[in-house]
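This is upload_23.cif. It holds mmCIF, C-alpha atoms.
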data_query
#
loop_
_atom_site.label_atom_id
_atom_site.label_comp_id
_atom_site.auth_asym_id
_atom_site.auth_seq_id
_atom_site.Cartn_x
_atom_site.Cartn_y
_atom_site.Cartn_z
CA MET R 194 0.00 0.00 0.00
CA GLU R 195 1.51 3.32 -1.02
CA ARG R 196 0.38 6.88 -1.24
CA ARG R 197 2.38 10.00 -1.89
CA GLY R 198 1.24 13.21 -0.24
CA ARG R 199 2.32 16.64 0.86
CA GLY R 200 4.24 17.28 4.00
CA GLY R 201 2.77 19.14 6.92
CA CYS R 202 0.83 16.51 8.84
CA PHE R 203 1.82 14.23 11.70
CA CYS R 204 1.10 11.10 13.69
CA LEU R 205 2.32 9.22 16.77
CA LEU R 206 4.34 6.04 17.02
CA ALA R 207 4.55 5.55 20.75
CA VAL R 208 6.28 3.27 23.16
CA SER R 209 5.38 2.96 26.82
CA ALA R 210 6.83 0.62 29.40
CA VAL R 211 7.62 0.46 33.07
CA VAL R 212 11.18 1.51 32.26
CA VAL R 213 10.80 2.66 28.65
CA LEU R 214 10.63 6.05 26.97
CA ALA R 215 10.31 6.67 23.23
CA ALA R 216 8.73 9.15 20.86
CA ALA R 217 7.42 9.71 17.38
CA ALA R 218 6.16 12.98 15.96
CA ALA R 219 6.90 15.24 13.03
CA ALA R 220 7.39 18.70 11.57
CA VAL R 221 7.53 20.16 8.10
CA GLY R 222 10.93 20.43 6.43
CA GLU R 223 14.11 18.72 7.57
CA ALA R 224 13.80 16.18 10.36
CA LYS R 225 15.91 17.77 13.08
CA LEU R 226 15.25 15.81 16.23
CA SER R 227 15.29 17.59 19.57
CA PRO R 228 13.93 16.91 23.06
CA ASP R 229 12.59 20.49 23.04
CA HIS R 230 10.78 20.27 19.70
CA TYR R 231 7.39 21.16 21.24
CA ARG R 232 8.48 23.42 24.10
CA ALA R 233 6.78 26.45 22.56
CA THR R 234 3.78 24.86 20.82
CA CYS R 235 2.74 22.24 23.37
CA PRO R 236 4.84 22.36 26.54
CA ARG R 237 2.65 19.79 28.35
CA VAL R 238 2.88 17.19 25.61
CA GLU R 239 4.79 14.63 27.69
CA SER R 240 2.46 14.84 30.69
CA ILE R 241 -0.58 14.62 28.40
CA VAL R 242 0.66 11.43 26.78
CA ARG R 243 1.89 10.00 30.07
CA SER R 244 -1.59 10.35 31.53
CA ALA R 245 -3.22 8.70 28.53
CA VAL R 246 -0.77 5.82 28.62
CA ALA R 247 -1.10 5.41 32.40
CA ARG R 248 -4.84 4.93 32.01
CA LYS R 249 -4.24 2.28 29.37
CA VAL R 250 -1.63 0.49 31.50
CA ARG R 251 -4.03 0.40 34.43
CA ALA R 252 -6.58 -1.25 32.16
CA THR R 253 -4.14 -3.92 30.96
CA PHE R 254 -0.44 -4.52 31.55
CA VAL R 255 -0.18 -5.87 27.99
CA THR R 256 0.06 -2.19 27.03
CA VAL R 257 3.70 -2.17 28.15
CA PRO R 258 5.22 -4.91 25.97
CA ALA R 259 2.74 -4.31 23.15
CA THR R 260 3.69 -0.69 22.52
CA LEU R 261 7.40 -1.34 23.03
CA ARG R 262 7.34 -4.12 20.45
CA LEU R 263 5.28 -1.99 18.08
CA PHE R 264 7.94 0.73 18.16
CA PHE R 265 10.73 -1.75 17.44
CA HIS R 266 8.87 -3.36 14.54
CA ASP R 267 8.15 0.04 13.03
CA CYS R 268 11.73 1.32 13.21
CA PHE R 269 13.30 -1.77 11.62
CA VAL R 270 11.12 -1.46 8.49
CA GLN R 271 11.41 1.85 6.58
CA GLY R 272 12.63 3.61 9.74
CA CYS R 273 10.71 5.15 12.65
CA ASP R 274 7.84 6.60 10.63
CA ALA R 275 4.64 5.01 12.01
CA SER R 276 4.19 3.02 8.80
CA VAL R 277 3.22 -0.02 10.88
CA MET R 278 0.13 1.87 12.05
CA VAL R 279 -1.42 2.19 8.60
CA ALA R 280 -4.53 0.10 7.95
CA SER R 281 -5.27 -1.25 4.46
CA SER R 282 -8.57 -2.45 3.02
CA GLY R 283 -6.56 -4.84 0.86
CA ASN R 284 -4.59 -6.28 3.80
CA ASP R 285 -1.33 -5.36 2.12
CA ALA R 286 0.07 -2.79 4.55
CA GLU R 287 3.04 -3.32 6.87
CA LYS R 288 0.88 -4.42 9.79
CA ASP R 289 -0.56 -7.23 7.62
CA ALA R 290 2.80 -8.94 7.05
CA PRO R 291 3.20 -12.37 8.70
CA ASP R 292 5.93 -11.09 11.03
CA ASN R 293 3.53 -8.41 12.32
CA GLN R 294 0.44 -10.56 12.76
CA SER R 295 1.35 -11.22 16.40
CA LEU R 296 1.55 -7.53 17.32
CA ALA R 297 -0.98 -7.05 20.11
CA GLY R 298 -3.90 -4.73 19.46
CA ASP R 299 -3.30 -2.95 22.77
CA GLY R 300 -0.15 -1.41 21.31
CA PHE R 301 -2.05 0.15 18.41
CA ASP R 302 -4.82 1.27 20.76
CA THR R 303 -2.30 2.96 23.04
CA VAL R 304 -0.96 5.01 20.15
CA VAL R 305 -4.43 6.06 19.02
CA ARG R 306 -5.49 7.07 22.54
CA ALA R 307 -2.34 9.08 23.15
CA LYS R 308 -2.69 10.79 19.79
CA ALA R 309 -6.30 11.74 20.57
CA ALA R 310 -5.35 13.16 23.97
CA VAL R 311 -2.65 15.34 22.46
CA GLU R 312 -4.85 16.48 19.60
CA LYS R 313 -7.48 17.61 22.10
CA ALA R 314 -5.02 19.69 24.10
CA CYS R 315 -2.59 20.78 21.38
CA PRO R 316 -3.85 20.17 17.85
CA ASP R 317 -1.16 18.92 15.46
CA VAL R 318 1.57 17.79 17.84
CA VAL R 319 2.37 14.47 19.46
CA SER R 320 4.92 12.78 21.70
CA MET R 321 5.21 9.85 24.01
CA SER R 322 6.97 9.18 27.27
CA SER R 323 6.79 6.80 30.16
CA GLY R 324 8.98 5.15 32.74
CA PRO R 325 12.33 6.25 34.21
CA SER R 326 12.84 9.08 31.81
CA TRP R 327 15.55 10.22 29.49
CA LYS R 328 15.53 13.02 26.94
CA VAL R 329 13.34 12.01 24.01
CA GLU R 330 14.23 13.34 20.58
CA LEU R 331 11.14 14.68 18.83
CA GLY R 332 10.39 15.97 15.36
CA ARG R 333 9.66 13.04 13.03
CA LEU R 334 7.59 12.87 9.86
CA ASP R 335 5.23 9.96 9.27
CA GLY R 336 6.02 7.73 6.31
CA LEU R 337 4.19 7.70 2.99
CA VAL R 338 4.66 3.98 2.32
CA SER R 339 3.40 0.90 4.16
CA LYS R 340 3.79 -2.43 2.36
CA ALA R 341 3.53 -5.93 3.78
CA GLY R 342 6.18 -7.06 1.32
CA ASP R 343 8.78 -4.78 2.88
CA VAL R 344 8.78 -6.59 6.23
CA ALA R 345 10.23 -10.03 5.48
CA GLY R 346 13.90 -10.36 6.39
CA ARG R 347 14.06 -7.09 8.32
CA LEU R 348 12.97 -8.27 11.78
CA PRO R 349 14.74 -10.71 14.14
CA GLY R 350 13.15 -14.14 14.35
CA PRO R 351 12.88 -16.39 17.42
CA ASP R 352 15.29 -18.97 15.99
CA MET R 353 17.94 -16.63 14.57
CA ARG R 354 21.56 -16.87 15.63
CA PRO R 355 23.18 -13.85 17.30
CA ASP R 356 25.42 -13.12 14.29
CA ALA R 357 22.39 -12.96 11.98
CA ILE R 358 20.51 -10.69 14.37
CA ALA R 359 23.62 -8.56 14.84
CA ALA R 360 23.75 -8.06 11.07
CA LEU R 361 20.18 -6.72 11.10
CA PHE R 362 21.02 -4.35 13.93
CA ASP R 363 24.25 -3.24 12.26
CA GLY R 364 22.26 -2.39 9.14
CA ASN R 365 20.28 0.02 11.30
CA GLY R 366 23.31 1.60 12.95
CA LEU R 367 23.04 -0.41 16.15
CA ALA R 368 25.95 -2.29 17.77
CA VAL R 369 26.00 -5.70 19.49
CA ARG R 370 25.67 -3.99 22.89
CA ASP R 371 22.54 -2.22 21.63
CA MET R 372 21.17 -5.54 20.38
CA VAL R 373 21.67 -7.18 23.77
CA ALA R 374 20.21 -4.19 25.62
CA LEU R 375 17.08 -4.01 23.45
CA SER R 376 16.61 -7.77 23.77
CA GLY R 377 16.15 -7.06 27.47
CA ALA R 378 12.67 -5.80 26.59
CA HIS R 379 11.76 -9.50 26.67
CA THR R 380 11.71 -9.13 30.45
CA VAL R 381 8.06 -8.16 29.94
CA GLY R 382 5.52 -9.43 27.48
CA PHE R 383 4.41 -12.78 26.16
CA SER R 384 4.72 -15.09 23.19
CA HIS R 385 2.30 -17.45 21.48
CA CYS R 386 3.32 -21.08 21.76
CA ALA R 387 3.91 -21.50 18.03
CA ARG R 388 6.86 -19.10 18.20
CA PHE R 389 8.96 -21.51 20.27
CA ALA R 390 7.20 -24.90 19.97
CA GLY R 391 9.96 -26.18 17.73
CA ARG R 392 12.34 -26.14 20.69
CA LEU R 393 10.01 -28.46 22.55
CA TYR R 394 8.80 -30.90 19.91
CA ARG R 395 11.01 -30.74 16.82
CA ARG R 396 12.72 -34.04 16.02
CA GLY R 397 11.08 -35.60 19.06
CA ALA R 398 13.46 -34.04 21.58
CA VAL R 399 13.53 -30.95 23.76
CA ASP R 400 16.20 -28.35 23.05
CA PRO R 401 18.93 -29.23 25.60
CA SER R 402 19.67 -25.56 26.24
CA TYR R 403 16.33 -25.30 28.06
CA SER R 404 16.35 -25.89 31.80
CA PRO R 405 14.58 -29.29 32.19
CA SER R 406 12.11 -27.90 34.70
CA TYR R 407 11.39 -24.89 32.47
CA ALA R 408 10.85 -27.17 29.48
CA ARG R 409 8.31 -29.20 31.47
CA GLN R 410 6.55 -25.98 32.49
CA LEU R 411 6.36 -24.86 28.86
CA MET R 412 5.13 -28.23 27.63
CA ALA R 413 2.35 -28.16 30.21
CA ALA R 414 1.29 -24.70 29.04
CA CYS R 415 1.83 -25.45 25.34
CA PRO R 416 0.96 -29.06 24.44
CA GLN R 417 1.32 -30.00 20.77
CA ASP R 418 -2.37 -29.44 20.04
CA VAL R 419 -2.58 -26.17 21.95
CA ASP R 420 -5.03 -23.44 20.97
CA PRO R 421 -3.05 -20.99 18.77
CA THR R 422 -4.23 -18.06 20.91
CA ILE R 423 -2.50 -19.39 24.05
CA ALA R 424 0.57 -17.44 25.12
CA VAL R 425 3.12 -17.59 27.92
CA ASP R 426 5.19 -14.95 29.71
CA MET R 427 8.61 -14.34 28.21
CA ASP R 428 10.12 -13.86 31.66
CA PRO R 429 8.94 -16.71 33.94
CA VAL R 430 10.38 -15.08 37.07
CA THR R 431 9.25 -11.41 37.04
CA PRO R 432 6.90 -11.17 34.04
CA THR R 433 5.34 -7.83 34.93
CA VAL R 434 8.47 -6.02 36.11
CA PHE R 435 10.90 -4.31 33.74
CA ASP R 436 14.19 -5.40 35.31
CA ASN R 437 17.41 -7.22 34.47
CA LYS R 438 16.09 -10.65 35.43
CA TYR R 439 15.93 -11.58 31.73
CA TYR R 440 19.73 -11.83 31.60
CA ALA R 441 20.03 -13.95 34.74
CA ASN R 442 17.32 -16.18 33.28
CA LEU R 443 19.51 -16.91 30.25
CA ALA R 444 22.30 -18.24 32.46
CA ALA R 445 19.74 -20.58 34.04
CA GLY R 446 18.41 -21.91 30.73
CA LEU R 447 15.21 -19.87 30.93
CA GLY R 448 15.45 -18.09 27.57
CA LEU R 449 12.10 -18.61 25.84
CA PHE R 450 13.35 -18.15 22.27
CA ALA R 451 16.41 -19.84 20.83
CA SER R 452 17.57 -16.35 19.85
CA ASP R 453 17.35 -15.28 23.51
CA GLN R 454 19.31 -18.23 24.82
CA ALA R 455 21.93 -17.84 22.09
CA LEU R 456 22.81 -14.37 23.38
CA HIS R 457 24.23 -16.03 26.47
CA ASP R 458 26.21 -18.51 24.41
CA GLY R 459 27.56 -16.16 21.73
CA ALA R 460 31.13 -14.93 22.13
CA ALA R 461 30.33 -11.39 21.02
CA SER R 462 27.13 -10.98 23.04
CA ARG R 463 27.89 -12.87 26.23
CA PRO R 464 29.98 -10.13 27.93
CA ALA R 465 27.05 -7.70 27.71
CA VAL R 466 24.61 -10.38 28.90
CA GLU R 467 26.74 -11.10 31.96
CA GLY R 468 27.31 -7.42 32.63
CA PHE R 469 23.61 -6.59 32.53
CA ALA R 470 22.75 -9.65 34.64
CA GLY R 471 25.02 -8.41 37.40
CA ASN R 472 24.20 -4.72 37.25
CA GLN R 473 20.65 -3.48 36.64
CA THR R 474 21.74 0.15 36.46
CA LEU R 475 24.18 -0.75 33.70
CA PHE R 476 21.34 -2.43 31.79
CA PHE R 477 18.97 0.51 32.24
CA GLU R 478 21.56 3.00 30.99
CA ALA R 479 22.41 0.82 27.98
CA PHE R 480 18.73 0.27 27.22
CA LYS R 481 17.97 4.00 27.28
CA GLU R 482 20.95 4.74 25.03
CA ALA R 483 19.88 2.03 22.59
CA MET R 484 16.29 3.29 22.52
CA VAL R 485 17.48 6.78 21.58
CA LYS R 486 19.63 5.32 18.79
CA LEU R 487 16.72 3.16 17.61
CA GLY R 488 14.52 6.25 17.41
CA ARG R 489 16.96 7.82 14.93
CA VAL R 490 16.64 5.02 12.38
CA GLY R 491 15.32 6.07 8.98
CA VAL R 492 13.96 9.46 10.04
CA LYS R 493 12.00 11.05 7.18
CA SER R 494 12.36 14.65 6.07
CA GLY R 495 10.96 17.06 3.49
CA GLY R 496 8.78 15.44 0.84
CA ASP R 497 9.52 11.95 2.13
CA GLY R 498 6.95 12.26 4.91
CA GLU R 499 3.86 13.96 6.24
CA ILE R 500 2.11 14.66 9.55
CA ARG R 501 -0.83 12.26 9.56
CA ARG R 502 -4.16 13.50 10.86
CA ASP R 503 -5.21 9.89 11.46
CA CYS R 504 -2.45 7.53 12.60
CA THR R 505 -3.97 4.63 10.67
CA ALA R 506 -4.35 6.33 7.28
CA PHE R 507 -2.33 8.41 4.86
CA ASN R 508 -3.60 11.94 4.33
CA THR R 509 -5.75 12.40 1.24
#
Reformat the file's structure so that it appears as structure tokens.
Amino acid sequence: MERRGRGGCFCLLAVSAVVVLAAAAAAVGEAKLSPDHYRATCPRVESIVRSAVARKVRATFVTVPATLRLFFHDCFVQGCDASVMVASSGNDAEKDAPDNQSLAGDGFDTVVRAKAAVEKACPDVVSMSSGPSWKVELGRLDGLVSKAGDVAGRLPGPDMRPDAIAALFDGNGLAVRDMVALSGAHTVGFSHCARFAGRLYRRGAVDPSYSPSYARQLMAACPQDVDPTIAVDMDPVTPTVFDNKYYANLAAGLGLFASDQALHDGAASRPAVEGFAGNQTLFFEAFKEAMVKLGRVGVKSGGDGEIRRDCTAFNT
């Protein structure tokens, strides 16, 4: 799905988590990101969005991992331009791609609610913040293209090796340390059984890198004929707390995806895994730095973007 349009409109691609802060907004002309982009036009933008997101989080904790994952999926395809938000009557937009089918609806709803709250208070601006804060760079244009066919091969998969994932991150200007830090977002959220069932049942044997007791727990929750809507927590120890437990879990064989567990075993990634496991402050600082870098990926400028009036549709 593609539509070309004039610049001068905007939309939100938001991320909210217990310890996450991210932003997506836009302005006409060159995309010069700045934490103070809306100081003059909408000085309360962060508090407005924070309140909207807090209400959504109180309604369902799924809001946290859902919006965080939505942000990541958007930035790795065509850059951070809210193209994943676009809805298509022909089911051929970015959100319709197989790799995006598992994106939870609560993430999209969070963006729409935050956008509406900002529009009501300050028409034509938007931002997003939540969690232990850092300076968010604002001033993005929304993309003019959203195609399902652009997604394949651009997002990490649950069975990918660290070197393959590192190559994807490197292509987006992110280092191995950033990759390990952003993987820590798996400390919250959930996964449908089909995403990791191969580690339990493929070739009639359980992946030996699983802790035996954890494998039994997963098999009980995800038998071979399980309902495809069933999901399990990605962090079996502190599933609703954004902390560094994810990294300690890997050392104990509690990595849900093969790609998670492989971070602990990879020579390039293991030092960061061990460092974050032993020092939560170190993880938080690395995560915030990586989120800022992620937010700079593929920023649109000039005629390459617009400020959408409706997050889910290109301007007409």
**Item:** Expected selection from the PyMOL selection byres ((chain R and resi 267-279) around 8), given as a ChimeraX atom specification
**Value:** /R:204-206,217,263-266,280-281,286-288,301,333-339,343-344,347-348,365,487-493,504-507
**Item:** Selection under test: the PyMOL selection byres ((chain R and resi 461) around 9); residues as a ChimeraX atom specification
**Value:** /R:355-356,369-370,456,458-460,462-465
**Asked** Exactly which residues make up the result of the PyMOL selection byres ((chain R and resi 435-451) around 7) on this file, given as a PyMOL selection string?
**Response** chain R and resi 211-212+351-352+377+379-381+389+402-404+407+427-428+433-434+452-455+457+466+469-470+473+476
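The spacing separating CA of Ser295 in chain R from CA of Ala259 in chain R amounts to 9.8 Å.
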**Asked** CA of Ala378 in chain R and CA of Ala414 in chain R are how many Å apart?
**Response** 22.2 Å
**Complete:** note - CA of Pro228 in chain R and CA of Phe477 in chain R are separated by 19.5 Å
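In this comparison, which uses only C-alpha atoms, the residue of R:Ala357, R:Ala479, R:Ala252, R:Val242 approaching Arg306 in chain R most closely is R:Val242.
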**Using all atoms listed in the file: which of R:Gln417, R:Ser240, R:Gln410, R:Thr431 has the shortest distance to Arg395 in chain R** =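 Distance minimum relative to Arg395 in chain R lands on R:Gln417.
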Counting only C-alpha atoms, which residues come within 7 Å of (3.7, -7.9, 27.9), with the point read in the file's coordinates, and could you list them as a PDB file with C-alpha atoms, in the coordinates of the input?
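The new file point.pdb reads:
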ATOM      1  CA  PHE R 254      -0.440  -4.520  31.550  1.00  0.00           C
ATOM      2  CA  VAL R 255      -0.180  -5.870  27.990  1.00  0.00           C
ATOM      3  CA  THR R 256       0.060  -2.190  27.030  1.00  0.00           C
ATOM      4  CA  VAL R 257       3.700  -2.170  28.150  1.00  0.00           C
ATOM      5  CA  PRO R 258       5.220  -4.910  25.970  1.00  0.00           C
ATOM      6  CA  ALA R 259       2.740  -4.310  23.150  1.00  0.00           C
ATOM      7  CA  VAL R 381       8.060  -8.160  29.940  1.00  0.00           C
ATOM      8  CA  GLY R 382       5.520  -9.430  27.480  1.00  0.00           C
ATOM      9  CA  PHE R 383       4.410 -12.780  26.160  1.00  0.00           C
TER      10      PHE R 383
END
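With all atoms listed in the file as the atoms that count, the minimum distance from Thr474 in chain R to the choices R:Ala398, R:Ala247, R:Ala374, R:Val419 is reached by R:Ala374.
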